[in-house]
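Undergrad: The structure that follows is given in the form of structure tokens.
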Amino acid sequence: MTVRKRKILKPAETDGKIRNPSTDRHLASEGEEVVMTSYWIRRLRDGDVIEADARAAQAPAPDFSVDAIGAVLEKMDPADDGQWTKDGLPKLSHIENELGVAPIKREQVAAVAPAFNRDQARGDSE
């Protein structure tokens, strides 16, 4: 499993509006921690964002909305072993990487989709 690096990034311009695709909100002007996906690598390379001082950044509370977790669950690939536990449950680390936040608790996933598992994602009936 690949561990994605995290960095604290902020918009390069004080009035810059850079959308965080994991939260569908603008990146906090004081900076927030993000998983360095290809999206953030491009934004950094293009000069849209800069690295922020970790001590100065006050990351906003992570968005664990039902919609955000549900969207990740809907996109899960039943054929990808890296997204599932040996018991057929969604890996929390996969959800965290997709949302760009951590930690996610099993109870939060269960609150969104109580019986969701790999078989359901395949479309198998019980």
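Chain labels follow the order of the structure tokens: the first chain is A, the next B, and so on; residue numbering restarts at 1 in every chain, and ligands are counted from 1 in their shown order.
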As JSON, numbers by chain, list the residues of range 2-77 of chain A assigned to strand (DSSP E or B) by DSSP on the backbone atoms of this structure.

TA: {"A": [6, 7, 8, 9, 10, 11, 19, 20, 25, 26, 32, 33, 34, 35, 49, 50, 51]}

Undergrad: Which residues of range 64-87 of chain A come within 8 Å of range 120-124 of chain A, and for each one, what is the closest pair of atoms and their distance in Å to one decimal, counting only C-alpha atoms, sorted by chain and residue number, as a Markdown table?

TA:
```
| residue | atom | partner | partner_atom | distance |
| --- | --- | --- | --- | --- |
| A:Glu74 | CA | A:Ala121 | CA | 7.8 |
| A:Met76 | CA | A:Ala121 | CA | 7.2 |
| A:Asp77 | CA | A:Ala121 | CA | 7.3 |
| A:Pro78 | CA | A:Arg122 | CA | 5.8 |
```

Undergrad: Pick out each residue of chain A that DSSP on the backbone tags as helix (DSSP H, G or I); I need them as a count of residues only.

TA: 41

Undergrad: Find the residues near Asp53 in chain A: any atom within 12 Å, counting only C-alpha atoms, skip ones fewer than 5 places away on the same chain, and give them as a ChimeraX atom specification.

TA: /A:7-10,30-33,58-59

Undergrad: So that I have them on file, write out the residues from the current selection with N, CA and C atoms, as a tab-separated table (two decimals), in the first residue's frame.

TA:
```tsv
chain	number	residue	atom	x	y	z
A	7	LYS	N	1.11	17.56	3.27
A	7	LYS	CA	1.76	18.86	3.43
A	7	LYS	C	0.71	19.87	3.84
A	8	ILE	N	1.18	20.94	4.45
A	8	ILE	CA	0.29	22.04	4.78
A	8	ILE	C	0.46	23.08	3.67
A	9	LEU	N	-0.62	23.31	2.95
A	9	LEU	CA	-0.60	24.24	1.82
A	9	LEU	C	-1.57	25.38	2.07
A	10	LYS	N	-1.30	26.51	1.42
A	10	LYS	CA	-2.22	27.65	1.48
A	10	LYS	C	-2.19	28.33	0.11
A	30	GLU	N	-5.08	30.46	5.82
A	30	GLU	CA	-3.94	30.27	6.71
A	30	GLU	C	-3.24	28.94	6.49
A	31	GLY	N	-3.84	28.10	5.64
A	31	GLY	CA	-3.24	26.81	5.31
A	31	GLY	C	-3.99	25.66	5.96
A	32	GLU	N	-3.92	24.52	5.30
A	32	GLU	CA	-4.48	23.30	5.87
A	32	GLU	C	-3.74	22.11	5.32
A	33	GLU	N	-3.76	21.03	6.09
A	33	GLU	CA	-3.06	19.82	5.70
A	33	GLU	C	-3.85	19.10	4.62
A	58	GLN	N	-3.67	26.64	11.14
A	58	GLN	CA	-4.72	26.13	12.01
A	58	GLN	C	-5.72	25.44	11.09
A	59	ALA	N	-5.53	24.16	10.86
A	59	ALA	CA	-6.40	23.45	9.93
A	59	ALA	C	-7.83	23.43	10.46
```

Undergrad: May I have the residues within 12 Å of range 107-117 of chain A as a ChimeraX atom specification, using only C-alpha atoms and disregarding those fewer than 3 positions away in the same chain?

TA: /A:63-74,76-78,83-96,102-104,120-126

Undergrad: Give me, please, the distance in Å between CA of Asp119 in chain A and CA of Gly82 in chain A, quoted to one decimal.

TA: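 Those two atoms sit 15.2 Å apart.
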
Undergrad: Work out how far CA of Val34 in chain A is from CA of Gly47 in chain A, in Å to one decimal.

TA: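 According to the coordinates, CA of Gly47 in chain A and CA of Val34 in chain A are separated by 16.1 Å.
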